[in-house]
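Below is start36.csv, which holds CSV, C-alpha atoms and all ligand atoms.
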```csv
chain,number,residue,atom,x,y,z
A,1,ALA,CA,23.9,-7.3,33.8
A,2,SER,CA,22.1,-4.3,32.8
A,3,ARG,CA,19.1,-3.0,34.8
A,4,PHE,CA,17.4,-2.9,31.4
A,5,ALA,CA,17.9,-6.6,30.8
A,6,ASP,CA,14.1,-7.1,30.9
A,7,VAL,CA,13.4,-4.5,28.2
A,8,ALA,CA,12.2,-6.5,25.2
A,9,GLN,CA,13.2,-5.7,21.7
A,10,ALA,CA,10.4,-3.7,20.0
A,11,PRO,CA,9.4,-4.8,16.5
A,12,PRO,CA,10.5,-2.6,13.6
A,13,ASP,CA,7.9,0.0,12.5
A,14,PRO,CA,5.8,-1.5,9.8
A,15,ILE,CA,6.3,1.6,7.5
A,16,LEU,CA,9.7,3.1,8.5
A,17,GLY,CA,11.1,-0.4,9.0
A,18,VAL,CA,10.7,-0.8,5.2
A,19,SER,CA,13.0,2.1,4.5
A,20,GLU,CA,15.6,0.7,6.9
A,21,ALA,CA,15.5,-2.7,5.1
A,22,PHE,CA,15.7,-0.9,1.7
A,23,LYS,CA,18.8,1.0,2.8
A,24,ARG,CA,20.5,-2.3,3.7
A,25,CYS,CA,19.6,-3.9,0.4
A,26,THR,CA,22.5,-4.0,-2.1
A,27,ASP,CA,20.5,-5.1,-5.3
A,28,PRO,CA,21.0,-2.3,-7.9
A,29,LYS,CA,17.4,-2.9,-9.1
A,30,LYS,CA,15.9,-2.1,-5.7
A,31,LEU,CA,12.9,0.1,-5.5
A,32,ASN,CA,11.4,1.7,-2.4
A,33,LEU,CA,7.6,2.0,-2.6
A,34,GLY,CA,7.2,1.8,1.2
A,35,VAL,CA,7.1,5.3,2.8
A,36,GLY,CA,4.8,7.9,1.3
A,37,ALA,CA,7.4,10.5,0.4
A,38,TYR,CA,7.3,12.3,-2.9
A,39,ARG,CA,10.2,11.6,-5.3
A,40,ASP,CA,10.9,13.4,-8.6
A,41,GLU,CA,11.1,11.5,-11.9
A,42,ASN,CA,14.7,10.5,-11.0
A,43,LEU,CA,13.4,9.1,-7.8
A,44,LYS,CA,15.3,11.7,-5.8
A,45,PRO,CA,13.8,13.7,-2.9
A,46,MET,CA,12.5,17.1,-4.1
A,47,VAL,CA,12.6,20.5,-2.6
A,48,LEU,CA,9.8,22.8,-4.0
A,49,ASP,CA,10.9,26.0,-5.7
A,50,VAL,CA,8.5,27.9,-3.5
A,51,VAL,CA,10.1,26.5,-0.5
A,52,ARG,CA,13.6,27.6,-1.7
A,53,LYS,CA,12.1,31.1,-2.4
A,54,ALA,CA,10.5,31.3,1.0
A,55,GLU,CA,13.8,30.2,2.7
A,56,ALA,CA,15.7,32.9,0.8
A,57,LYS,CA,13.3,35.5,2.1
A,58,ILE,CA,13.6,34.1,5.7
A,59,PHE,CA,17.4,34.0,5.6
A,60,ALA,CA,17.5,37.5,4.1
A,61,ALA,CA,15.4,38.8,7.0
A,62,ASN,CA,18.1,37.5,9.4
A,63,LYS,CA,15.6,36.2,11.9
A,64,ASP,CA,16.5,35.0,15.4
A,65,HIS,CA,16.1,31.6,17.0
A,66,GLU,CA,14.0,32.6,20.0
A,67,TYR,CA,11.3,30.3,21.4
A,68,LEU,CA,8.0,30.4,19.7
A,69,PRO,CA,4.9,30.8,21.9
A,70,ILE,CA,3.5,27.4,23.0
A,71,GLU,CA,0.7,27.7,20.4
A,72,GLY,CA,3.3,28.4,17.7
A,73,LEU,CA,4.0,31.1,15.1
A,74,ASP,CA,1.0,33.4,14.6
A,75,THR,CA,1.5,33.9,10.9
A,76,PHE,CA,1.6,30.1,10.5
A,77,ARG,CA,-1.6,29.7,12.6
A,78,LYS,CA,-3.4,32.1,10.4
A,79,ALA,CA,-2.0,30.5,7.2
A,80,THR,CA,-3.0,26.9,8.2
A,81,ILE,CA,-6.6,27.7,9.0
A,82,ASP,CA,-6.9,29.8,5.8
A,83,LEU,CA,-5.6,26.8,3.8
A,84,LEU,CA,-8.0,24.5,5.5
A,85,LEU,CA,-11.2,26.5,5.4
A,86,GLY,CA,-10.5,29.1,2.8
A,87,ALA,CA,-9.5,32.7,3.7
A,88,GLY,CA,-12.4,34.7,5.0
A,89,HIS,CA,-14.5,31.7,6.1
A,90,PRO,CA,-17.2,32.6,8.6
A,91,ALA,CA,-15.6,30.4,11.3
A,92,ILE,CA,-12.3,32.4,11.0
A,93,LYS,CA,-14.2,35.8,11.0
A,94,ASP,CA,-16.1,34.7,14.1
A,95,ASP,CA,-12.9,33.7,15.8
A,96,ARG,CA,-14.2,30.3,16.7
A,97,VAL,CA,-11.2,28.2,15.7
A,98,ALA,CA,-8.6,27.1,18.2
A,99,VAL,CA,-5.3,26.5,16.4
A,100,ILE,CA,-2.1,25.2,17.8
A,101,GLN,CA,1.0,24.6,15.7
A,102,SER,CA,2.3,21.2,16.5
A,103,LEU,CA,4.8,18.6,15.4
A,104,SER,CA,3.5,17.8,11.9
A,105,GLY,CA,0.6,15.4,11.4
A,106,THR,CA,1.7,12.8,13.9
A,107,GLY,CA,2.3,15.3,16.8
A,108,SER,CA,-0.9,17.1,16.0
A,109,LEU,CA,-2.9,13.9,16.1
A,110,ARG,CA,-1.2,13.1,19.4
A,111,VAL,CA,-2.1,16.4,21.0
A,112,GLY,CA,-5.7,15.8,19.7
A,113,ALA,CA,-5.7,12.3,21.3
A,114,ALA,CA,-4.5,13.8,24.5
A,115,PHE,CA,-7.3,16.4,24.3
A,116,ILE,CA,-9.8,13.6,23.8
A,117,ALA,CA,-8.4,11.6,26.7
A,118,ARG,CA,-8.6,14.6,29.1
A,119,PHE,CA,-11.7,16.5,28.0
A,120,LEU,CA,-14.2,14.1,26.4
A,121,PRO,CA,-16.2,11.8,28.7
A,122,LYS,CA,-14.4,8.9,30.1
A,123,GLY,CA,-14.6,5.8,27.8
A,124,THR,CA,-15.1,7.9,24.6
A,125,THR,CA,-14.1,5.7,21.7
A,126,VAL,CA,-12.4,6.8,18.5
A,127,TYR,CA,-13.6,5.0,15.4
A,128,ILE,CA,-10.9,4.6,12.8
A,129,SER,CA,-11.3,3.2,9.3
A,130,ASN,CA,-10.4,-0.4,8.5
A,131,PRO,CA,-7.7,-0.3,7.2
A,132,THR,CA,-6.0,3.0,8.1
A,133,TRP,CA,-2.5,4.5,8.4
A,134,GLY,CA,-0.7,2.1,10.8
A,135,ASN,CA,0.2,4.8,13.3
A,136,HIS,CA,-3.4,5.9,14.1
A,137,ARG,CA,-3.8,2.9,16.4
A,138,ASN,CA,-0.6,3.6,18.3
A,139,ILE,CA,-1.4,7.3,18.7
A,140,PHE,CA,-4.7,6.7,20.4
A,141,ALA,CA,-3.7,3.6,22.3
A,142,ASP,CA,-0.6,5.4,23.8
A,143,GLU,CA,-3.0,8.1,25.1
A,144,ASN,CA,-5.2,5.4,26.6
A,145,VAL,CA,-8.0,6.3,24.2
A,146,GLU,CA,-10.1,3.4,23.2
A,147,TRP,CA,-10.4,2.8,19.5
A,148,LYS,CA,-12.5,0.6,17.3
A,149,TYR,CA,-12.7,0.0,13.5
A,150,TYR,CA,-15.5,1.0,11.2
A,151,ARG,CA,-15.8,-0.8,7.9
A,152,TYR,CA,-14.3,1.2,5.1
A,153,PHE,CA,-12.7,-0.9,2.3
A,154,ASP,CA,-14.5,-3.4,0.2
A,155,ALA,CA,-11.9,-5.9,-1.3
A,156,ASP,CA,-14.4,-7.3,-3.8
A,157,THR,CA,-15.1,-3.9,-5.5
A,158,VAL,CA,-11.8,-2.4,-4.5
A,159,GLY,CA,-13.9,0.5,-3.4
A,160,LEU,CA,-15.7,2.0,-0.4
A,161,ASP,CA,-17.9,-0.2,1.7
A,162,PHE,CA,-20.2,2.7,2.3
A,163,LYS,CA,-23.1,0.6,3.6
A,164,GLY,CA,-20.8,-1.1,6.1
A,165,MET,CA,-19.3,2.3,7.1
A,166,VAL,CA,-22.7,3.8,7.7
A,167,GLU,CA,-23.9,0.8,9.7
A,168,ASP,CA,-20.9,0.9,11.9
A,169,LEU,CA,-21.2,4.6,12.6
A,170,LYS,CA,-24.9,4.3,13.3
A,171,ALA,CA,-24.1,1.7,15.9
A,172,ALA,CA,-21.4,3.9,17.5
A,173,PRO,CA,-22.4,5.3,20.9
A,174,ALA,CA,-23.5,9.0,20.8
A,175,GLY,CA,-20.5,11.2,21.5
A,176,SER,CA,-17.9,8.9,19.9
A,177,VAL,CA,-15.2,10.4,17.8
A,178,VAL,CA,-14.9,9.5,14.1
A,179,LEU,CA,-11.5,9.7,12.5
A,180,LEU,CA,-11.8,10.6,8.8
A,181,HIS,CA,-9.1,11.1,6.2
A,182,GLY,CA,-9.6,14.5,4.8
A,183,CYS,CA,-8.8,13.2,1.3
A,184,ALA,CA,-6.6,10.7,-0.4
A,185,HIS,CA,-7.2,7.9,2.1
A,186,ASN,CA,-4.1,6.1,3.3
A,187,PRO,CA,-3.6,3.2,2.4
A,188,THR,CA,-6.5,2.5,0.1
A,189,GLY,CA,-6.6,5.6,-2.2
A,190,VAL,CA,-10.4,5.3,-1.9
A,191,ASP,CA,-12.4,8.4,-0.8
A,192,PRO,CA,-16.2,8.9,-0.3
A,193,THR,CA,-18.0,10.8,-3.1
A,194,ALA,CA,-19.4,14.3,-2.4
A,195,ASP,CA,-22.8,12.8,-1.8
A,196,GLN,CA,-21.4,10.2,0.5
A,197,TRP,CA,-19.5,12.9,2.5
A,198,ALA,CA,-22.7,14.8,2.9
A,199,ALA,CA,-24.4,11.7,4.2
A,200,ILE,CA,-21.6,11.0,6.6
A,201,ALA,CA,-21.8,14.6,7.9
A,202,ASP,CA,-25.6,14.3,8.4
A,203,LEU,CA,-25.0,11.0,10.2
A,204,CYS,CA,-22.5,12.6,12.5
A,205,LYS,CA,-25.0,15.3,13.3
A,206,GLU,CA,-27.9,12.9,13.9
A,207,ARG,CA,-25.8,10.6,16.1
A,208,ASN,CA,-23.9,13.4,17.8
A,209,LEU,CA,-20.5,12.0,16.7
A,210,LEU,CA,-17.4,14.3,16.7
A,211,PRO,CA,-15.6,14.2,13.4
A,212,PHE,CA,-11.8,14.3,13.6
A,213,PHE,CA,-10.2,15.0,10.2
A,214,ASP,CA,-6.6,13.8,9.5
A,215,VAL,CA,-5.5,16.1,6.7
A,216,ALA,CA,-2.1,14.8,5.6
A,217,TYR,CA,-2.5,14.9,1.8
A,218,GLN,CA,-4.3,18.2,1.0
A,219,GLY,CA,-3.4,18.7,-2.7
A,220,PHE,CA,-2.5,15.1,-3.5
A,221,ALA,CA,-6.0,13.9,-4.3
A,222,THR,CA,-6.9,16.2,-7.2
A,223,GLY,CA,-3.8,18.4,-7.3
A,224,ASP,CA,-6.0,21.3,-6.2
A,225,LEU,CA,-5.6,22.5,-2.6
A,226,ASP,CA,-9.1,23.9,-2.4
A,227,LYS,CA,-10.9,20.9,-3.9
A,228,ASP,CA,-9.0,18.6,-1.5
A,229,ALA,CA,-10.4,20.5,1.5
A,230,PHE,CA,-14.0,19.8,0.4
A,231,ALA,CA,-14.8,17.4,3.2
A,232,PRO,CA,-13.7,19.4,6.2
A,233,ARG,CA,-15.3,22.5,4.7
A,234,LEU,CA,-18.5,20.7,4.1
A,235,PHE,CA,-18.7,19.5,7.7
A,236,VAL,CA,-18.0,22.9,9.1
A,237,ASP,CA,-20.5,24.6,6.7
A,238,LYS,CA,-23.1,22.1,7.9
A,239,GLY,CA,-22.6,23.5,11.4
A,240,LEU,CA,-20.6,20.6,12.9
A,241,GLU,CA,-17.8,21.2,15.4
A,242,VAL,CA,-14.7,19.3,14.1
A,243,MET,CA,-11.2,18.5,15.2
A,244,VAL,CA,-8.5,18.7,12.5
A,245,ALA,CA,-4.9,17.6,12.3
A,246,GLN,CA,-2.9,19.0,9.4
A,247,SER,CA,0.5,18.0,8.0
A,248,TYR,CA,2.8,19.9,5.6
A,249,SER,CA,5.1,16.9,5.2
A,250,LYS,CA,3.8,15.9,1.8
A,251,ASN,CA,2.3,18.9,0.1
A,252,LEU,CA,5.2,21.2,0.9
A,253,GLY,CA,7.7,18.4,1.1
A,254,LEU,CA,8.7,19.5,4.6
A,255,TYR,CA,9.0,16.0,6.1
A,256,GLY,CA,11.9,16.6,8.4
A,257,GLU,CA,10.8,20.0,9.5
A,258,ARG,CA,7.7,18.8,11.4
A,259,VAL,CA,5.2,21.4,10.3
A,260,GLY,CA,1.6,20.9,11.2
A,261,ALA,CA,-1.4,22.1,13.3
A,262,MET,CA,-4.1,20.8,15.5
A,263,SER,CA,-7.3,22.8,15.3
A,264,ILE,CA,-10.7,22.6,16.8
A,265,VAL,CA,-13.5,24.4,15.0
A,266,THR,CA,-16.1,25.2,17.6
A,267,SER,CA,-19.6,26.8,17.5
A,268,ASP,CA,-18.7,29.9,19.5
A,269,LYS,CA,-15.7,32.0,20.2
A,270,ASP,CA,-15.7,31.4,23.9
A,271,ALA,CA,-15.4,27.6,23.5
A,272,ALA,CA,-12.5,28.2,21.0
A,273,THR,CA,-10.6,30.4,23.6
A,274,ARG,CA,-11.0,27.7,26.3
A,275,CYS,CA,-10.0,24.9,24.0
A,276,LEU,CA,-6.9,26.7,22.8
A,277,SER,CA,-5.9,27.3,26.4
A,278,GLN,CA,-6.1,23.6,27.1
A,279,LEU,CA,-4.3,22.6,23.9
A,280,LYS,CA,-1.4,24.8,25.1
A,281,ARG,CA,-1.6,23.2,28.5
A,282,LEU,CA,-1.3,19.8,26.9
A,283,ALA,CA,1.6,20.8,24.6
A,284,ARG,CA,3.7,22.5,27.3
A,285,PRO,CA,4.8,19.3,29.1
A,286,LEU,CA,5.0,17.3,25.9
A,287,TYR,CA,7.4,19.5,23.9
A,288,SER,CA,7.0,23.0,25.3
A,289,ASN,CA,6.8,24.8,21.9
A,290,PRO,CA,7.1,23.8,18.2
A,291,PRO,CA,10.0,24.3,15.9
A,292,THR,CA,10.3,27.6,13.9
A,293,HIS,CA,11.9,27.1,10.5
A,294,GLY,CA,9.2,25.0,8.7
A,295,ALA,CA,6.4,27.1,10.1
A,296,ARG,CA,8.0,30.3,8.7
A,297,ILE,CA,8.3,28.6,5.3
A,298,ALA,CA,4.6,27.5,5.2
A,299,ALA,CA,3.5,31.0,6.5
A,300,GLU,CA,5.6,32.8,3.8
A,301,ILE,CA,4.0,30.7,1.1
A,302,VAL,CA,0.4,30.7,2.1
A,303,ASN,CA,0.3,34.4,3.2
A,304,ASP,CA,1.9,35.6,0.0
A,305,GLN,CA,-0.4,35.7,-3.1
A,306,GLU,CA,2.5,35.2,-5.5
A,307,LEU,CA,4.1,32.3,-3.7
A,308,PHE,CA,0.7,30.7,-3.0
A,309,THR,CA,-0.1,30.7,-6.7
A,310,GLU,CA,3.3,29.2,-7.5
A,311,TRP,CA,2.8,26.5,-4.9
A,312,LYS,CA,-0.6,25.6,-6.4
A,313,ALA,CA,1.2,25.0,-9.8
A,314,GLU,CA,4.0,22.9,-8.2
A,315,MET,CA,1.3,21.0,-6.2
A,316,MET,CA,-0.4,20.2,-9.5
A,317,GLY,CA,2.9,19.1,-10.9
A,318,MET,CA,3.5,16.6,-8.1
A,319,ALA,CA,0.0,15.2,-8.2
A,320,GLY,CA,0.2,15.1,-12.0
A,321,ARG,CA,3.4,13.0,-12.0
A,322,ILE,CA,1.8,10.5,-9.7
A,323,ALA,CA,-1.4,10.3,-11.9
A,324,ARG,CA,0.8,9.8,-15.0
A,325,VAL,CA,2.8,6.8,-13.5
A,326,ARG,CA,-0.6,5.4,-12.3
A,327,GLY,CA,-1.8,5.4,-15.8
A,328,GLU,CA,1.4,3.8,-17.1
A,329,LEU,CA,1.4,1.1,-14.4
A,330,GLN,CA,-2.2,0.2,-15.2
A,331,ALA,CA,-1.4,0.0,-18.9
A,332,ALA,CA,1.7,-2.1,-18.3
A,333,LEU,CA,-0.3,-4.5,-16.1
A,334,GLU,CA,-3.1,-4.7,-18.7
A,335,ALA,CA,-0.7,-5.4,-21.5
A,336,LYS,CA,1.1,-8.2,-19.6
A,337,TYR,CA,-1.9,-9.8,-17.9
A,338,PRO,CA,-5.0,-8.7,-19.8
A,339,SER,CA,-7.5,-11.2,-18.3
A,340,LYS,CA,-7.3,-9.5,-14.9
A,341,ASP,CA,-9.1,-6.3,-14.0
A,342,TRP,CA,-6.4,-3.7,-13.2
A,343,SER,CA,-8.7,-0.6,-13.3
A,344,PHE,CA,-8.4,-0.1,-9.6
A,345,VAL,CA,-4.9,1.4,-10.1
A,346,THR,CA,-6.3,4.6,-11.7
A,347,ARG,CA,-9.6,4.6,-9.8
A,348,GLN,CA,-7.6,5.0,-6.6
A,349,ILE,CA,-6.3,8.5,-5.8
A,350,GLY,CA,-3.5,10.2,-3.8
A,351,MET,CA,0.0,8.8,-3.2
A,352,PHE,CA,-0.9,5.1,-2.9
A,353,SER,CA,-2.2,2.1,-4.6
A,354,PHE,CA,-3.7,-0.6,-2.5
A,355,THR,CA,-2.8,-3.6,-4.7
A,356,GLY,CA,-4.5,-6.4,-2.9
A,357,LEU,CA,-1.2,-8.3,-2.7
A,358,THR,CA,-1.2,-10.7,0.3
A,359,PRO,CA,1.7,-10.6,2.8
A,360,ALA,CA,3.2,-13.7,1.2
A,361,GLN,CA,3.0,-12.0,-2.2
A,362,VAL,CA,4.6,-8.9,-0.7
A,363,ASP,CA,7.4,-11.1,0.6
A,364,ASN,CA,7.9,-12.3,-3.0
A,365,MET,CA,8.1,-8.7,-4.3
A,366,THR,CA,10.8,-7.9,-1.7
A,367,ASN,CA,12.8,-11.1,-1.5
A,368,LYS,CA,12.8,-11.9,-5.2
A,369,HIS,CA,12.5,-8.5,-6.9
A,370,ALA,CA,13.9,-6.1,-4.3
A,371,ILE,CA,10.7,-4.0,-4.4
A,372,TYR,CA,10.1,-2.7,-0.9
A,373,MET,CA,6.6,-2.0,0.3
A,374,THR,CA,4.4,-2.4,3.3
A,375,ARG,CA,2.9,-5.9,4.1
A,376,ASP,CA,-0.6,-4.6,3.7
A,377,GLY,CA,-0.1,-4.5,-0.1
A,378,ARG,CA,0.2,-0.7,-0.3
A,379,ILE,CA,2.6,0.8,-2.8
A,380,SER,CA,3.6,4.5,-2.9
A,381,LEU,CA,3.4,5.7,-6.4
A,382,ALA,CA,5.3,8.8,-5.4
A,383,GLY,CA,8.4,6.4,-5.4
A,384,LEU,CA,7.8,5.2,-9.0
A,385,ASN,CA,8.9,6.6,-12.4
A,386,SER,CA,8.3,5.7,-16.0
A,387,ALA,CA,11.6,3.8,-16.3
A,388,LYS,CA,10.6,1.4,-13.4
A,389,VAL,CA,7.0,0.8,-14.4
A,390,ASP,CA,7.6,-2.3,-16.5
A,391,TYR,CA,9.8,-3.8,-13.8
A,392,LEU,CA,7.2,-3.2,-11.1
A,393,ALA,CA,4.4,-4.6,-13.3
A,394,GLU,CA,6.3,-7.8,-14.0
A,395,ALA,CA,7.1,-8.3,-10.4
A,396,MET,CA,3.4,-7.8,-9.4
A,397,ILE,CA,2.3,-10.3,-12.0
A,398,ASP,CA,5.0,-12.8,-10.9
A,399,SER,CA,3.7,-12.4,-7.3
A,400,VAL,CA,0.0,-12.8,-8.0
A,401,ARG,CA,0.2,-15.6,-10.5
B,1,LIG,N1,-1.8,10.9,8.7
B,1,LIG,C1,-1.6,10.1,7.6
B,1,LIG,C2,-2.8,9.4,7.1
B,1,LIG,C3,-0.4,9.9,7.1
B,1,LIG,O1,-0.3,9.1,6.0
B,1,LIG,C4,0.7,10.5,7.6
B,1,LIG,C5,2.1,10.4,7.0
B,1,LIG,N2,2.4,9.2,6.5
B,1,LIG,C6,0.5,11.4,8.7
B,1,LIG,C7,-0.7,11.5,9.2
B,1,LIG,C8,1.6,12.1,9.4
B,1,LIG,O2,2.8,12.4,8.9
B,1,LIG,P1,3.7,13.5,9.5
B,1,LIG,O3,3.8,13.3,10.9
B,1,LIG,O4,5.0,13.4,8.8
B,1,LIG,O5,3.0,14.8,9.2
```

Translate this file's structure into structure tokens.
Amino acid sequence: ASRFADVAQAPPDPILGVSEAFKRCTDPKKLNLGVGAYRDENLKPMVLDVVRKAEAKIFAANKDHEYLPIEGLDTFRKATIDLLLGAGHPAIKDDRVAVIQSLSGTGSLRVGAAFIARFLPKGTTVYISNPTWGNHRNIFADENVEWKYYRYFDADTVGLDFKGMVEDLKAAPAGSVVLLHGCAHNPTGVDPTADQWAAIADLCKERNLLPFFDVAYQGFATGDLDKDAFAPRLFVDKGLEVMVAQSYSKNLGLYGERVGAMSIVTSDKDAATRCLSQLKRLARPLYSNPPTHGARIAAEIVNDQELFTEWKAEMMGMAGRIARVRGELQAALEAKYPSKDWSFVTRQIGMFSFTGLTPAQVDNMTNKHAIYMTRDGRISLAGLNSAKVDYLAEAMIDSVR
């Protein structure tokens, strides 16, 4: 018998497990709307032209494969904070941002969680939206950081439960951390308005809460990289110190390259220097130093005026394709089932639509129609094209009727 006989089987991941089941499915009509990964109109993975151009430059320069410093590639660290705050932002000029390149969004959040566990007072709780991306709970729980939900989604209005959110954050103990999605909330596609963001920032100030932004979809809400950084910029401009985890999986399509950063915007340079030293101390025994290739790509693009401009156009193209299939899906649903209100489909933004399908209805989508999606009722519109809209609409109607 194995010494590991008592190791229980772990359940499949609720999101990546969907892709595994999709791969096993032999139905030719099958459709994968599970994972939030961008697909072109032929539903094939897409490599951005700017990424190919940046890679050509990198290969031509014949670079080596030495270790990066623990904190990552300097040109990437500059690029990532420029993208977040806007080049020339006072916080950058004052040198009061601690930036460490880390393993995409997930690894950056995890380093952030480790930082909270070690340097914030014992028992500090992280408040996460209900619902949220499924991995948030694991990331904090695995670092022994306590987490609680704040109200976020109102199923009746298919919108933001702003009143509930404010009540819950007002009731949070001073010093708590509030995890906020920078834009294009996953899974709901519902973001606060500009005024609501301002009120949340003021509340964080009043109640001494520490905002922690998860920025995984910059560019996918409006198609505009600057507009999508509105919330973190507003908080910093209001004088709040913030933690930020950034991911380049979606907006540069660098999923497998694990490109991201964990940053802390502080109120003075000295605090930033000390925070960076501790972020490095946390990363060293976790993974030593981050990978090189994807960081070089992101740095080439953001630091080069011409490539950056080209990226903005490609970003707009990806966001635009998603917005178009959103419109087509809503129109198809309205045509086939006019007595139901389907307006939520185009009111929601980003990669996802939160359909309100129950777990049993999701099972019907998958088992009867070979449409793969997470059991919370979320569909990734990045995995949909015009040719499949009718099929999806009919399956949704069959499942809710
Ligand atoms: N945060 C959110 C809200 C996400 O949806 C994702 C990706 N699904 C991530 C973080 C992290 O993704 P990655 O580790 O690929 O950057």

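Of the residues listed (A:Lys53, A:Thr193, A:Asp224, A:Ala10), A:Lys53 shows the shortest atom-to-atom separation from A:Asp304; distances use only C-alpha atoms.
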
List every residue of chain A that has an atom at most 6 Å from any atom of ligand LIG 1 (chain B), and for each one report the closest atom pair and its distance in Å to one decimal, counting all atoms listed in the file, with rows sorted by chain and then by increasing residue number, as CSV.
```
residue,atom,partner,partner_atom,distance
A:Gly36,CA,B:LIG1,N2,5.9
A:Ser104,CA,B:LIG1,O5,4.1
A:Gly105,CA,B:LIG1,O5,3.3
A:Thr106,CA,B:LIG1,O3,3.7
A:Trp133,CA,B:LIG1,C2,5.1
A:Asn186,CA,B:LIG1,C2,5.2
A:Asp214,CA,B:LIG1,N1,5.7
A:Ala216,CA,B:LIG1,N1,5.0
A:Ser247,CA,B:LIG1,O5,4.2
A:Ser249,CA,B:LIG1,O5,5.0
A:Tyr255,CA,B:LIG1,O4,5.5
```

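Straight-line separation from atom CA of A:Ala91 to atom CA of A:Leu279: 18.6 Å.
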
Checklist entry - Neighbours of A:Gln246 within 12 Å (all atoms listed in the file; same-chain residues fewer than 3 positions away dropped), as a VMD selection string? => result chain A and resid 77 79 to 81 83 to 85 99 to 112 181 to 183 212 to 218 229 232 243 249 to 252 258 to 264

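Considering all atoms listed in the file, the residue among A:Asp161, A:Glu310, A:Asp341, A:Glu257 positioned nearest to A:Ile297 is A:Glu257.
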
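Among A:Val166, A:Val158, A:Ala298, A:Ala184, the residue with the shortest atom-to-atom distance to A:Ile58, counting only C-alpha atoms, is A:Ala298.
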
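Counting all atoms listed in the file and comparing A:Pro285, A:Gly223, A:Gly377, A:Gly253, the residue that lies closest to A:Lys312 is A:Gly223.
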
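The smallest atom-to-atom distance between A:Asp49 and any of A:Asp95, A:Glu66, A:Glu314, A:Asp270, using all atoms listed in the file, is found for A:Glu314.
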
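By all atoms listed in the file, and with residues fewer than 2 positions from A:Ala319 along its chain excluded, the set lying at most 8 Å from it is Gly219, Phe220, Ala221, Thr222, Gly223, Met315, Met316, Gly317, Arg321, Ile322, Ala323 and Gly350 of chain A.
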